[in-house]
file data.txt (compact mmCIF, C-alpha atoms and all ligand atoms)
# COMPACT_ATOMS: atom_id res chain seq x y z
CA MET A 16 14.94 23.78 -6.23
CA SER A 17 14.52 22.80 -2.58
CA LYS A 18 14.28 19.14 -1.73
CA THR A 19 11.08 17.64 -0.34
CA ARG A 20 11.70 16.61 3.26
CA ILE A 21 10.11 13.27 4.06
CA ALA A 22 9.14 11.77 7.41
CA VAL A 23 9.13 7.97 7.31
CA VAL A 24 6.91 6.44 9.97
CA GLY A 25 7.51 2.80 10.89
CA ALA A 26 11.07 3.48 9.76
CA ALA A 27 12.48 0.20 11.06
CA GLY A 28 9.79 -1.93 9.42
CA ARG A 29 10.26 -3.93 6.20
CA MET A 30 9.02 -1.05 4.04
CA GLY A 31 10.29 1.72 6.33
CA ARG A 32 13.88 0.55 5.83
CA MET A 33 13.36 0.46 2.05
CA PHE A 34 12.22 4.11 2.14
CA VAL A 35 15.19 5.30 4.18
CA GLU A 36 17.51 3.62 1.68
CA ALA A 37 15.62 4.91 -1.38
CA ILE A 38 15.49 8.49 -0.04
CA ALA A 39 19.24 8.41 0.68
CA SER A 40 19.96 7.63 -2.97
CA ASP A 41 17.51 10.15 -4.50
CA GLU A 42 18.85 13.72 -4.83
CA ARG A 43 15.37 15.21 -5.22
CA VAL A 44 14.25 14.32 -1.69
CA GLU A 45 15.75 14.12 1.77
CA LEU A 46 14.97 12.32 4.99
CA GLY A 47 13.52 14.83 7.47
CA ALA A 48 12.41 12.48 10.22
CA ALA A 49 12.25 8.76 11.01
CA ILE A 50 9.68 7.52 13.49
CA GLU A 51 9.56 4.26 15.40
CA ARG A 52 7.36 2.94 18.16
CA PRO A 53 7.82 4.51 21.62
CA GLY A 54 9.91 2.08 23.66
CA SER A 55 11.69 0.62 20.64
CA SER A 56 15.32 -0.26 21.35
CA LEU A 57 16.19 1.49 18.05
CA LEU A 58 15.18 5.00 19.18
CA GLY A 59 18.17 7.33 18.92
CA VAL A 60 19.88 5.21 16.24
CA ASP A 61 20.76 7.10 13.03
CA ALA A 62 18.26 5.99 10.32
CA GLY A 63 21.01 5.76 7.68
CA GLU A 64 23.21 3.62 9.94
CA LEU A 65 20.21 1.37 10.57
CA VAL A 66 19.88 0.52 6.87
CA GLY A 67 23.60 0.52 6.09
CA VAL A 68 23.90 3.68 3.98
CA GLY A 69 25.97 5.65 6.50
CA SER A 70 24.88 8.47 8.78
CA LEU A 71 22.02 10.66 7.47
CA GLY A 72 21.94 12.85 10.58
CA VAL A 73 18.37 11.76 11.37
CA LYS A 74 17.82 9.71 14.50
CA LEU A 75 14.83 7.43 15.01
CA SER A 76 12.38 9.27 17.28
CA PRO A 77 9.10 8.20 18.90
CA GLN A 78 6.60 10.99 18.06
CA LEU A 79 5.78 12.52 14.69
CA SER A 80 4.18 15.45 16.55
CA ASP A 81 7.59 16.39 18.04
CA VAL A 82 9.25 16.85 14.63
CA VAL A 83 6.57 18.59 12.52
CA ASP A 84 8.96 21.38 11.50
CA GLN A 85 11.35 18.81 9.98
CA PHE A 86 9.24 17.42 7.12
CA ASP A 87 6.88 18.37 4.29
CA THR A 88 5.41 14.94 3.53
CA VAL A 89 4.89 11.70 5.42
CA ILE A 90 5.33 8.20 3.99
CA ASP A 91 3.24 5.79 6.01
CA PHE A 92 3.31 2.02 5.49
CA THR A 93 2.37 0.83 8.98
CA THR A 94 -0.92 -0.28 10.53
CA PRO A 95 -4.44 1.16 10.05
CA ALA A 96 -4.95 2.75 13.48
CA PHE A 97 -1.48 4.32 13.50
CA THR A 98 -1.93 5.56 9.93
CA LEU A 99 -5.21 7.27 10.85
CA ASN A 100 -3.49 9.03 13.78
CA ASN A 101 -0.77 10.24 11.43
CA VAL A 102 -3.36 11.45 8.92
CA GLU A 103 -5.02 13.58 11.62
CA LEU A 104 -1.65 15.06 12.55
CA CYS A 105 -0.93 15.87 8.89
CA ARG A 106 -4.30 17.59 8.59
CA GLU A 107 -3.65 19.64 11.72
CA HIS A 108 -0.28 20.82 10.36
CA GLY A 109 -1.07 21.05 6.63
CA LYS A 110 1.30 18.27 5.53
CA SER A 111 0.76 15.86 2.64
CA ILE A 112 0.91 12.09 3.14
CA VAL A 113 1.53 8.98 1.01
CA ILE A 114 -0.19 5.94 2.49
CA GLY A 115 0.50 2.32 1.56
CA THR A 116 -0.96 0.73 4.68
CA THR A 117 -3.52 -2.00 3.89
CA GLY A 118 -6.32 -3.50 5.98
CA LEU A 119 -8.19 -0.21 6.57
CA ASN A 120 -11.90 -0.67 7.35
CA ASP A 121 -14.69 1.27 5.61
CA GLU A 122 -14.84 3.88 8.35
CA GLN A 123 -11.10 4.53 8.14
CA LYS A 124 -11.29 4.83 4.35
CA ALA A 125 -14.21 7.27 4.67
CA ARG A 126 -12.10 9.39 7.00
CA LEU A 127 -9.37 9.58 4.34
CA GLN A 128 -12.01 10.93 1.93
CA GLU A 129 -12.96 13.62 4.45
CA VAL A 130 -9.39 14.63 5.29
CA GLY A 131 -8.64 14.72 1.56
CA ARG A 132 -10.70 17.92 1.44
CA ASP A 133 -8.03 19.65 3.55
CA ILE A 134 -4.68 18.08 2.57
CA SER A 135 -3.30 16.08 -0.34
CA ILE A 136 -3.11 12.32 0.15
CA VAL A 137 -2.02 9.45 -2.07
CA PHE A 138 -3.52 6.18 -0.84
CA ALA A 139 -2.88 2.98 -2.78
CA SER A 140 -2.90 -0.70 -1.89
CA ASN A 141 0.03 -1.20 -4.24
CA MET A 142 2.53 1.44 -5.41
CA SER A 143 4.33 -0.67 -8.02
CA VAL A 144 4.10 0.38 -11.66
CA GLY A 145 3.58 -3.25 -12.72
CA VAL A 146 0.62 -3.84 -10.43
CA ASN A 147 -0.97 -0.57 -11.54
CA LEU A 148 -0.60 -1.69 -15.15
CA VAL A 149 -2.29 -4.97 -14.18
CA PHE A 150 -5.16 -2.97 -12.65
CA LYS A 151 -5.74 -1.41 -16.08
CA LEU A 152 -5.48 -4.75 -17.90
CA LEU A 153 -8.04 -6.26 -15.54
CA GLU A 154 -10.73 -3.76 -16.57
CA THR A 155 -10.45 -4.97 -20.16
CA ALA A 156 -10.09 -8.66 -19.30
CA ALA A 157 -13.11 -8.63 -16.99
CA ARG A 158 -15.34 -6.92 -19.55
CA ILE A 159 -14.36 -9.35 -22.32
CA MET A 160 -14.33 -12.57 -20.28
CA ASP A 161 -17.30 -11.87 -18.01
CA GLU A 162 -20.11 -13.70 -19.77
CA ASP A 163 -18.62 -17.20 -19.59
CA ALA A 164 -15.77 -16.98 -17.13
CA ASP A 165 -15.61 -17.55 -13.40
CA ILE A 166 -13.38 -15.00 -11.70
CA GLU A 167 -10.99 -16.02 -8.90
CA ILE A 168 -8.23 -14.00 -7.22
CA ILE A 169 -5.24 -15.78 -5.69
CA GLU A 170 -2.55 -14.02 -3.65
CA ALA A 171 0.56 -15.15 -1.78
CA HIS A 172 2.64 -13.21 0.78
CA HIS A 173 5.29 -13.76 3.44
CA ARG A 174 4.46 -15.34 6.78
CA ASN A 175 4.59 -11.99 8.63
CA LYS A 176 1.79 -10.31 6.72
CA VAL A 177 -1.06 -9.56 9.14
CA ASP A 178 -4.03 -8.75 6.87
CA ALA A 179 -5.88 -10.94 4.38
CA PRO A 180 -6.78 -10.88 1.59
CA SER A 181 -4.06 -8.44 0.63
CA GLY A 182 -5.05 -4.85 -0.12
CA THR A 183 -3.97 -5.42 -3.72
CA ALA A 184 -6.21 -8.49 -4.07
CA LEU A 185 -9.15 -6.48 -2.75
CA THR A 186 -8.43 -3.64 -5.19
CA MET A 187 -8.29 -6.20 -8.01
CA GLY A 188 -11.65 -7.56 -6.81
CA GLU A 189 -13.17 -4.07 -6.81
CA ILE A 190 -11.86 -3.36 -10.32
CA VAL A 191 -13.19 -6.56 -11.88
CA ALA A 192 -16.49 -6.33 -9.98
CA ASP A 193 -16.98 -2.73 -11.19
CA ALA A 194 -16.09 -3.69 -14.75
CA VAL A 195 -18.82 -6.36 -14.84
CA GLY A 196 -21.39 -4.32 -12.90
CA ARG A 197 -21.30 -6.23 -9.61
CA ASP A 198 -20.86 -5.05 -6.02
CA LEU A 199 -17.84 -6.76 -4.47
CA LYS A 200 -19.44 -6.63 -1.01
CA GLN A 201 -22.28 -8.80 -2.35
CA CYS A 202 -20.35 -11.23 -4.53
CA ALA A 203 -17.00 -11.86 -2.77
CA ILE A 204 -16.30 -15.34 -1.35
CA TYR A 205 -13.33 -15.34 1.02
CA GLY A 206 -12.16 -18.98 1.01
CA ARG A 207 -14.22 -22.17 0.78
CA GLN A 208 -14.62 -25.18 3.05
CA GLY A 209 -16.95 -28.18 3.38
CA VAL A 210 -19.96 -28.79 1.13
CA THR A 211 -20.01 -25.48 -0.66
CA GLY A 212 -22.44 -26.36 -3.45
CA VAL A 213 -21.92 -25.63 -7.11
CA ARG A 214 -20.12 -22.41 -7.85
CA GLU A 215 -22.42 -19.46 -8.53
CA HIS A 216 -21.30 -17.57 -11.62
CA GLU A 217 -21.69 -14.13 -10.08
CA THR A 218 -19.27 -14.79 -7.23
CA ILE A 219 -15.67 -13.60 -7.13
CA GLY A 220 -13.50 -15.95 -5.06
CA PHE A 221 -10.38 -15.03 -3.05
CA SER A 222 -7.64 -17.47 -2.02
CA THR A 223 -4.83 -16.49 0.33
CA ILE A 224 -1.43 -18.11 0.83
CA ARG A 225 0.89 -17.02 3.67
CA ALA A 226 4.29 -18.70 3.48
CA GLY A 227 8.01 -18.05 3.91
CA ASP A 228 9.39 -14.85 2.42
CA VAL A 229 7.11 -14.36 -0.60
CA ILE A 230 7.14 -10.60 -1.25
CA GLY A 231 3.82 -10.51 -3.09
CA ASP A 232 2.24 -12.59 -5.87
CA HIS A 233 -1.20 -11.85 -7.33
CA THR A 234 -3.16 -13.74 -9.98
CA VAL A 235 -6.60 -13.04 -11.35
CA LEU A 236 -8.00 -16.12 -13.06
CA PHE A 237 -10.77 -15.98 -15.66
CA ALA A 238 -11.90 -19.58 -16.25
CA SER A 239 -14.55 -20.65 -18.73
CA GLU A 240 -15.30 -24.02 -20.32
CA GLY A 241 -12.41 -24.68 -22.68
CA GLU A 242 -9.98 -21.93 -21.74
CA ARG A 243 -8.40 -20.00 -18.89
CA VAL A 244 -6.79 -16.57 -18.82
CA GLU A 245 -4.50 -15.79 -15.89
CA ILE A 246 -3.13 -12.29 -15.28
CA THR A 247 -0.27 -12.47 -12.80
CA HIS A 248 2.10 -10.05 -11.10
CA LYS A 249 5.04 -11.25 -9.01
CA ALA A 250 7.15 -8.92 -6.88
CA SER A 251 10.77 -9.97 -6.46
CA ASN A 252 12.00 -6.90 -4.56
CA ARG A 253 10.28 -4.38 -2.27
CA VAL A 254 12.15 -1.57 -4.01
CA ILE A 255 9.23 -1.41 -6.51
CA TYR A 256 6.97 -0.11 -3.75
CA ALA A 257 9.57 2.35 -2.49
CA ARG A 258 10.13 3.77 -5.98
CA GLY A 259 6.38 4.16 -6.46
CA ALA A 260 5.94 5.92 -3.12
CA LEU A 261 8.76 8.39 -3.88
CA ARG A 262 7.18 9.07 -7.25
CA ALA A 263 3.93 9.79 -5.40
CA VAL A 264 5.74 12.18 -3.02
CA ARG A 265 7.18 14.18 -5.94
CA TRP A 266 3.85 14.16 -7.80
CA LEU A 267 2.04 15.49 -4.70
CA ALA A 268 4.41 18.43 -4.29
CA ASP A 269 2.20 21.04 -6.03
CA ARG A 270 -1.10 19.19 -5.94
CA PRO A 271 -4.23 20.75 -4.40
CA ALA A 272 -5.93 18.96 -1.51
CA GLY A 273 -7.49 15.67 -2.55
CA LEU A 274 -7.47 11.94 -2.04
CA TYR A 275 -5.48 10.50 -4.96
CA SER A 276 -4.52 6.98 -6.04
CA MET A 277 -1.42 5.60 -7.74
CA GLN A 278 -3.47 5.55 -10.95
CA ASP A 279 -3.60 9.37 -10.66
CA VAL A 280 0.14 9.55 -10.01
CA LEU A 281 0.91 7.38 -13.06
CA GLY A 282 -1.60 9.15 -15.31
CA LEU A 283 -3.58 5.93 -15.83
CA LYS A 284 -7.02 7.35 -15.02
N1 LIG B 1 0.90 -0.10 -0.87
C1 LIG B 1 2.00 -0.83 -1.12
O1 LIG B 1 2.59 -0.76 -2.21
C2 LIG B 1 2.53 -1.72 -0.05
C3 LIG B 1 1.88 -1.78 1.16
N2 LIG B 1 2.40 -2.50 2.19
C4 LIG B 1 1.68 -2.40 3.45
O2 LIG B 1 2.46 -1.62 4.35
C5 LIG B 1 2.19 -2.00 5.69
C6 LIG B 1 3.51 -2.29 6.41
O3 LIG B 1 4.12 -3.42 5.84
P1 LIG B 1 5.57 -3.90 6.35
O4 LIG B 1 6.57 -2.84 6.19
O5 LIG B 1 5.79 -5.23 5.72
O6 LIG B 1 5.24 -4.12 7.91
P2 LIG B 1 6.23 -4.04 9.17
O7 LIG B 1 5.50 -4.66 10.31
O8 LIG B 1 7.57 -4.58 8.80
O9 LIG B 1 6.41 -2.47 9.41
C7 LIG B 1 5.46 -1.67 10.04
C8 LIG B 1 6.20 -0.66 10.89
O10 LIG B 1 5.28 0.24 11.49
C9 LIG B 1 5.51 0.30 12.88
N3 LIG B 1 4.26 0.56 13.60
C10 LIG B 1 3.09 -0.08 13.45
N4 LIG B 1 2.17 0.41 14.30
C11 LIG B 1 2.80 1.40 15.01
C12 LIG B 1 2.39 2.29 16.03
N5 LIG B 1 1.14 2.26 16.53
N6 LIG B 1 3.30 3.17 16.52
C13 LIG B 1 4.54 3.20 16.04
N7 LIG B 1 5.01 2.38 15.07
C14 LIG B 1 4.13 1.49 14.56
C15 LIG B 1 6.04 -1.08 13.23
O11 LIG B 1 6.70 -1.06 14.48
P3 LIG B 1 6.74 -2.44 15.36
O12 LIG B 1 7.58 -3.39 14.58
O13 LIG B 1 7.34 -1.99 16.64
O14 LIG B 1 5.33 -2.92 15.47
C16 LIG B 1 6.96 -1.33 12.04
O15 LIG B 1 8.21 -0.69 12.21
C17 LIG B 1 1.24 -3.19 5.60
O16 LIG B 1 -0.09 -2.73 5.75
C18 LIG B 1 1.44 -3.70 4.17
O17 LIG B 1 0.35 -4.39 3.67
C19 LIG B 1 3.56 -3.19 2.08
C20 LIG B 1 4.24 -3.19 0.89
C21 LIG B 1 3.78 -2.47 -0.27
O1 LIG B 2 2.26 -6.69 3.19
C1 LIG B 2 2.93 -6.73 2.13
O2 LIG B 2 4.06 -7.19 2.06
C2 LIG B 2 2.28 -6.16 0.93
N1 LIG B 2 1.14 -5.56 1.08
C3 LIG B 2 0.38 -4.91 0.08
C4 LIG B 2 -0.99 -5.56 -0.05
O3 LIG B 2 -1.59 -5.92 0.99
O4 LIG B 2 -1.49 -5.67 -1.16
C5 LIG B 2 1.11 -4.75 -1.23
C6 LIG B 2 2.08 -5.85 -1.57
O5 LIG B 2 1.38 -6.94 -2.05
C7 LIG B 2 2.97 -6.23 -0.38

call {"tool": "encode", "arguments": {"input": "data.txt", "output": "structure tokens", "more": "lines below"}}
Ligand SMILES: NC(=O)C1=CN([C@@H]2O[C@H](COP(=O)(O)OP(=O)(O)OC[C@H]3O[C@@H](n4cnc5c(N)ncnc54)[C@H](OP(=O)(O)O)[C@@H]3O)[C@@H](O)[C@H]2O)C=CC1
Ligand SMILES: O=C(O)C1=N[C@H](C(=O)O)C[C@H](O)C1
result
Amino acid sequence: MSKTRIAVVGAAGRMGRMFVEAIASDERVELGAAIERPGSSLLGVDAGELVGVGSLGVKLSPQLSDVVDQFDTVIDFTTPAFTLNNVELCREHGKSIVIGTTGLNDEQKARLQEVGRDISIVFASNMSVGVNLVFKLLETAARIMDEDADIEIIEAHHRNKVDAPSGTALTMGEIVADAVGRDLKQCAIYGRQGVTGVREHETIGFSTIRAGDVIGDHTVLFASEGERVEITHKASNRVIYARGALRAVRWLADRPAGLYSMQDVLGLK
């Protein structure tokens, strides 16, 4: 069976490096292209040498459009505007794409829906198996705890993270809001300050910590009078996201066009 050739965009980023390493050690896939920002001092460097796995024969290059014959699927964990450009390129050339980028606005998400009519896309705020299990647990917890409990979502990430709350925290908010019949847009409170008044039951609060090298911690707290339930996930290595994304790449291989989530990939829907 032929190997799926993957283009990693943002290949020198925190997640990009994880993908190059993970692809190098997975016999079912191969690195087809590695893209970094035009002007980067790393252009021309072998992607394998960059991450310390030895030469892979793929040099970091500046334009995905210049290497379209070298890959079948893109893995994109970068920034929203760049991701949307890459999605358009994939549509133009009939390539599939796995997207982990967070911080997309509503318009950008709507565009993914549209493009999903033409090509296959996996888009997920968190590719780890553990977090996707937590997503399932939250549906049950929210339904059972809703009547009495206040719902708060707390997340912590490293100092270099640029979006807040995290994509995962927002997905958790959407899941619990859906489960209790609320619209997150109407009930979310993003941080509190000053004389806030008594907490309104219907609200879902978000608290964000940015500090040091925290990879990613998420807690959903259900607090009623007399008891609290906390559902927590803590990442201790970014390899969990890389493994999930490679699983998504393999799952997409024979999939018809569509916009899929990690819940689809893991059979949790
Ligand atoms: N879904 C999931 O499971 C996970 C999602 N993420 C998400 O992935 C994204 C990336 O995270 P992380 O790897 O930590 O971030 P980094 O900043 O370390 O990596 C992003 C990479 O993309 C490159 N890049 C960004 N914009 C452009 C552009 N316009 N042109 C070319 N290259 C570009 C950056 O280059 P440069 O450095 O030159 O800017 C960098 O190499 C974030 O949105 C994060 O939230 C992260 C982990 C897991
Ligand atoms: O930026 C990160 O690091 C992460 N981003 C994702 C998010 O915003 O939820 C997933 C994970 O928490 C790590």

call {"tool": "residues_near_point", "arguments": {"input": "data.txt", "point": "(-2.4, 5.7, 12.0)", "cutoff": "12 Å", "atoms": "all atoms listed in the file", "output": "mmCIF file with C-alpha atoms, in the frame of the given file"}}
result
data_model
loop_
_atom_site.group_PDB
_atom_site.id
_atom_site.type_symbol
_atom_site.label_atom_id
_atom_site.label_comp_id
_atom_site.auth_asym_id
_atom_site.auth_seq_id
_atom_site.Cartn_x
_atom_site.Cartn_y
_atom_site.Cartn_z
ATOM 1 C CA VAL A 24 6.910 6.440 9.970
ATOM 2 C CA GLY A 25 7.510 2.800 10.890
ATOM 3 C CA ARG A 52 7.360 2.940 18.160
ATOM 4 C CA LEU A 79 5.780 12.520 14.690
ATOM 5 C CA VAL A 89 4.890 11.700 5.420
ATOM 6 C CA ILE A 90 5.330 8.200 3.990
ATOM 7 C CA ASP A 91 3.240 5.790 6.010
ATOM 8 C CA PHE A 92 3.310 2.020 5.490
ATOM 9 C CA THR A 93 2.370 0.830 8.980
ATOM 10 C CA THR A 94 -0.920 -0.280 10.530
ATOM 11 C CA PRO A 95 -4.440 1.160 10.050
ATOM 12 C CA ALA A 96 -4.950 2.750 13.480
ATOM 13 C CA PHE A 97 -1.480 4.320 13.500
ATOM 14 C CA THR A 98 -1.930 5.560 9.930
ATOM 15 C CA LEU A 99 -5.210 7.270 10.850
ATOM 16 C CA ASN A 100 -3.490 9.030 13.780
ATOM 17 C CA ASN A 101 -0.770 10.240 11.430
ATOM 18 C CA VAL A 102 -3.360 11.450 8.920
ATOM 19 C CA GLU A 103 -5.020 13.580 11.620
ATOM 20 C CA LEU A 104 -1.650 15.060 12.550
ATOM 21 C CA CYS A 105 -0.930 15.870 8.890
ATOM 22 C CA ILE A 112 0.910 12.090 3.140
ATOM 23 C CA ILE A 114 -0.190 5.940 2.490
ATOM 24 C CA GLY A 115 0.500 2.320 1.560
ATOM 25 C CA THR A 116 -0.960 0.730 4.680
ATOM 26 C CA THR A 117 -3.520 -2.000 3.890
ATOM 27 C CA GLY A 118 -6.320 -3.500 5.980
ATOM 28 C CA LEU A 119 -8.190 -0.210 6.570
ATOM 29 C CA GLN A 123 -11.100 4.530 8.140
ATOM 30 C CA LYS A 124 -11.290 4.830 4.350
ATOM 31 C CA ARG A 126 -12.100 9.390 7.000
ATOM 32 C CA LEU A 127 -9.370 9.580 4.340
#

call {"tool": "residues_around", "arguments": {"input": "data.txt", "residues": "range 200-216 of chain A", "least_positions_apart": "6", "cutoff": "8 Å", "atoms": "only C-alpha atoms", "output": "MDAnalysis selection string"}}
result
chainID A and resid 164:165 180 188 222:223

call {"tool": "closest_atom_pairs", "arguments": {"input": "data.txt", "of": "chain A", "to": "ligand LIG 2 (chain B)", "cutoff": "7 Å", "atoms": "only C-alpha atoms and all ligand atoms", "output": "JSON lines"}}
result
{"residue": "A:Thr117", "atom": "CA", "partner": "B:LIG2", "partner_atom": "O3", "distance": 5.2}
{"residue": "A:Ser140", "atom": "CA", "partner": "B:LIG2", "partner_atom": "O4", "distance": 5.2}
{"residue": "A:Asn141", "atom": "CA", "partner": "B:LIG2", "partner_atom": "C5", "distance": 4.8}
{"residue": "A:His172", "atom": "CA", "partner": "B:LIG2", "partner_atom": "O2", "distance": 6.3}
{"residue": "A:His173", "atom": "CA", "partner": "B:LIG2", "partner_atom": "O2", "distance": 6.8}
{"residue": "A:Lys176", "atom": "CA", "partner": "B:LIG2", "partner_atom": "O1", "distance": 5.1}
{"residue": "A:Asp178", "atom": "CA", "partner": "B:LIG2", "partner_atom": "O3", "distance": 7.0}
{"residue": "A:Ser181", "atom": "CA", "partner": "B:LIG2", "partner_atom": "O3", "distance": 3.5}
{"residue": "A:Gly182", "atom": "CA", "partner": "B:LIG2", "partner_atom": "O3", "distance": 3.8}
{"residue": "A:Thr183", "atom": "CA", "partner": "B:LIG2", "partner_atom": "O4", "distance": 3.6}
{"residue": "A:Ala184", "atom": "CA", "partner": "B:LIG2", "partner_atom": "O4", "distance": 6.2}
{"residue": "A:Ile230", "atom": "CA", "partner": "B:LIG2", "partner_atom": "O2", "distance": 5.7}
{"residue": "A:Gly231", "atom": "CA", "partner": "B:LIG2", "partner_atom": "O5", "distance": 4.4}
{"residue": "A:Asp232", "atom": "CA", "partner": "B:LIG2", "partner_atom": "O5", "distance": 6.9}

call {"tool": "residues_around", "arguments": {"input": "data.txt", "residues": "Val229 in chain A", "least_positions_apart": "6", "cutoff": "12 Å", "atoms": "all atoms listed in the file", "output": "list in words"}}
result
Glu170, Ala171, His172, His173, Arg174, Asn175, Lys176, Lys249, Ala250, Ser251, Asn252 and Arg253 of chain A

call {"tool": "atom_distance", "arguments": {"input": "data.txt", "atom1": "CA of Gly131 in chain A", "atom2": "CA of Ala260 in chain A"}}
result
17.7 Å

call {"tool": "closest_atom_pairs", "arguments": {"input": "data.txt", "of": "range 232-284 of chain A", "to": "range 144-163 of chain A", "cutoff": "9 Å", "atoms": "only C-alpha atoms", "output": "JSON lines"}}
result
{"residue": "A:His233", "atom": "CA", "partner": "A:Val146", "partner_atom": "CA", "distance": 8.8}
{"residue": "A:Val235", "atom": "CA", "partner": "A:Leu153", "partner_atom": "CA", "distance": 8.1}
{"residue": "A:Phe237", "atom": "CA", "partner": "A:Met160", "partner_atom": "CA", "distance": 6.8}
{"residue": "A:Ala238", "atom": "CA", "partner": "A:Asp163", "partner_atom": "CA", "distance": 7.9}
{"residue": "A:Ser239", "atom": "CA", "partner": "A:Asp163", "partner_atom": "CA", "distance": 5.4}
{"residue": "A:Glu240", "atom": "CA", "partner": "A:Asp163", "partner_atom": "CA", "distance": 7.6}
{"residue": "A:Val244", "atom": "CA", "partner": "A:Ala156", "partner_atom": "CA", "distance": 8.6}
{"residue": "A:Ile246", "atom": "CA", "partner": "A:Val149", "partner_atom": "CA", "distance": 7.4}
{"residue": "A:Thr247", "atom": "CA", "partner": "A:Val149", "partner_atom": "CA", "distance": 7.9}
{"residue": "A:His248", "atom": "CA", "partner": "A:Val146", "partner_atom": "CA", "distance": 6.4}
{"residue": "A:Lys249", "atom": "CA", "partner": "A:Val146", "partner_atom": "CA", "distance": 8.7}
{"residue": "A:Ala250", "atom": "CA", "partner": "A:Gly145", "partner_atom": "CA", "distance": 8.9}
{"residue": "A:Ile255", "atom": "CA", "partner": "A:Val144", "partner_atom": "CA", "distance": 7.5}
{"residue": "A:Tyr256", "atom": "CA", "partner": "A:Val144", "partner_atom": "CA", "distance": 8.4}
{"residue": "A:Arg258", "atom": "CA", "partner": "A:Val144", "partner_atom": "CA", "distance": 9.0}
{"residue": "A:Gly259", "atom": "CA", "partner": "A:Val144", "partner_atom": "CA", "distance": 6.8}
{"residue": "A:Met277", "atom": "CA", "partner": "A:Asn147", "partner_atom": "CA", "distance": 7.3}
{"residue": "A:Gln278", "atom": "CA", "partner": "A:Asn147", "partner_atom": "CA", "distance": 6.6}
{"residue": "A:Leu281", "atom": "CA", "partner": "A:Val144", "partner_atom": "CA", "distance": 7.8}
{"residue": "A:Leu283", "atom": "CA", "partner": "A:Lys151", "partner_atom": "CA", "distance": 7.7}
{"residue": "A:Lys284", "atom": "CA", "partner": "A:Lys151", "partner_atom": "CA", "distance": 8.9}

call {"tool": "atom_distance", "arguments": {"input": "data.txt", "atom1": "CA of Ser55 in chain A", "atom2": "CA of Glu107 in chain A"}}
result
26.0 Å

call {"tool": "atom_distance", "arguments": {"input": "data.txt", "atom1": "CA of Glu167 in chain A", "atom2": "atom O6 of ligand LIG 1 (chain B)"}}
result
26.2 Å

call {"tool": "residues_around", "arguments": {"input": "data.txt", "residues": "Ile136 in chain A", "least_positions_apart": "4", "cutoff": "10 Å", "atoms": "only C-alpha atoms", "output": "list in words"}}
result
Thr88, Val89, Val102, Cys105, Lys110, Ser111, Ile112, Val113, Ile114, Leu127, Gln128, Val130, Gly131, Arg132, Ala263, Val264, Leu267, Arg270, Pro271, Ala272, Gly273, Leu274, Tyr275 and Ser276 of chain A

call {"tool": "closest_residue", "arguments": {"input": "data.txt", "among": "A:Val137, A:Leu185, A:Ala268, A:Leu46", "to": "Arg32 in chain A", "atoms": "all atoms listed in the file"}}
result
A:Leu46

call {"tool": "axis_aligned_box", "arguments": {"input": "data.txt", "around": "range 59-67 of chain A", "padding_each_side": "3 Å", "output": "AutoDock Vina command-line options"}}
result
--center_x 20.9 --center_y 3.9 --center_z 12.5 --size_x 11.4 --size_y 12.8 --size_z 18.8

call {"tool": "decode", "arguments": {"input": "data.txt", "residues": "range 248-258 of chain A", "atoms": "N, CA and C atoms", "output": "mmCIF file, in the first residue's frame"}}
result
data_model
loop_
_atom_site.group_PDB
_atom_site.id
_atom_site.type_symbol
_atom_site.label_atom_id
_atom_site.label_comp_id
_atom_site.auth_asym_id
_atom_site.auth_seq_id
_atom_site.Cartn_x
_atom_site.Cartn_y
_atom_site.Cartn_z
ATOM 1 N N HIS A 248 -8.553 17.513 32.365
ATOM 2 C CA HIS A 248 -7.552 16.865 31.486
ATOM 3 C C HIS A 248 -6.264 17.665 31.581
ATOM 4 N N LYS A 249 -5.136 16.977 31.716
ATOM 5 C CA LYS A 249 -3.839 17.661 31.721
ATOM 6 C C LYS A 249 -2.941 17.024 30.680
ATOM 7 N N ALA A 250 -2.422 17.821 29.779
ATOM 8 C CA ALA A 250 -1.466 17.318 28.782
ATOM 9 C C ALA A 250 -0.063 17.424 29.379
ATOM 10 N N SER A 251 0.724 16.366 29.212
ATOM 11 C CA SER A 251 2.108 16.435 29.696
ATOM 12 C C SER A 251 3.107 16.296 28.553
ATOM 13 N N ASN A 252 2.584 16.109 27.320
ATOM 14 C CA ASN A 252 3.475 16.005 26.161
ATOM 15 C C ASN A 252 2.653 16.299 24.897
ATOM 16 N N ARG A 253 3.217 17.120 24.009
ATOM 17 C CA ARG A 253 2.493 17.468 22.774
ATOM 18 C C ARG A 253 2.355 16.287 21.810
ATOM 19 N N VAL A 254 3.014 15.195 22.104
ATOM 20 C CA VAL A 254 2.909 14.034 21.208
ATOM 21 C C VAL A 254 1.450 13.546 21.110
ATOM 22 N N ILE A 255 0.639 13.811 22.123
ATOM 23 C CA ILE A 255 -0.774 13.379 22.076
ATOM 24 C C ILE A 255 -1.516 14.034 20.910
ATOM 25 N N TYR A 256 -1.164 15.290 20.640
ATOM 26 C CA TYR A 256 -1.824 15.992 19.527
ATOM 27 C C TYR A 256 -1.301 15.467 18.188
ATOM 28 N N ALA A 257 -0.002 15.190 18.151
ATOM 29 C CA ALA A 257 0.594 14.691 16.899
ATOM 30 C C ALA A 257 0.022 13.320 16.551
ATOM 31 N N ARG A 258 -0.078 12.449 17.545
ATOM 32 C CA ARG A 258 -0.654 11.118 17.304
ATOM 33 C C ARG A 258 -2.076 11.238 16.784
#
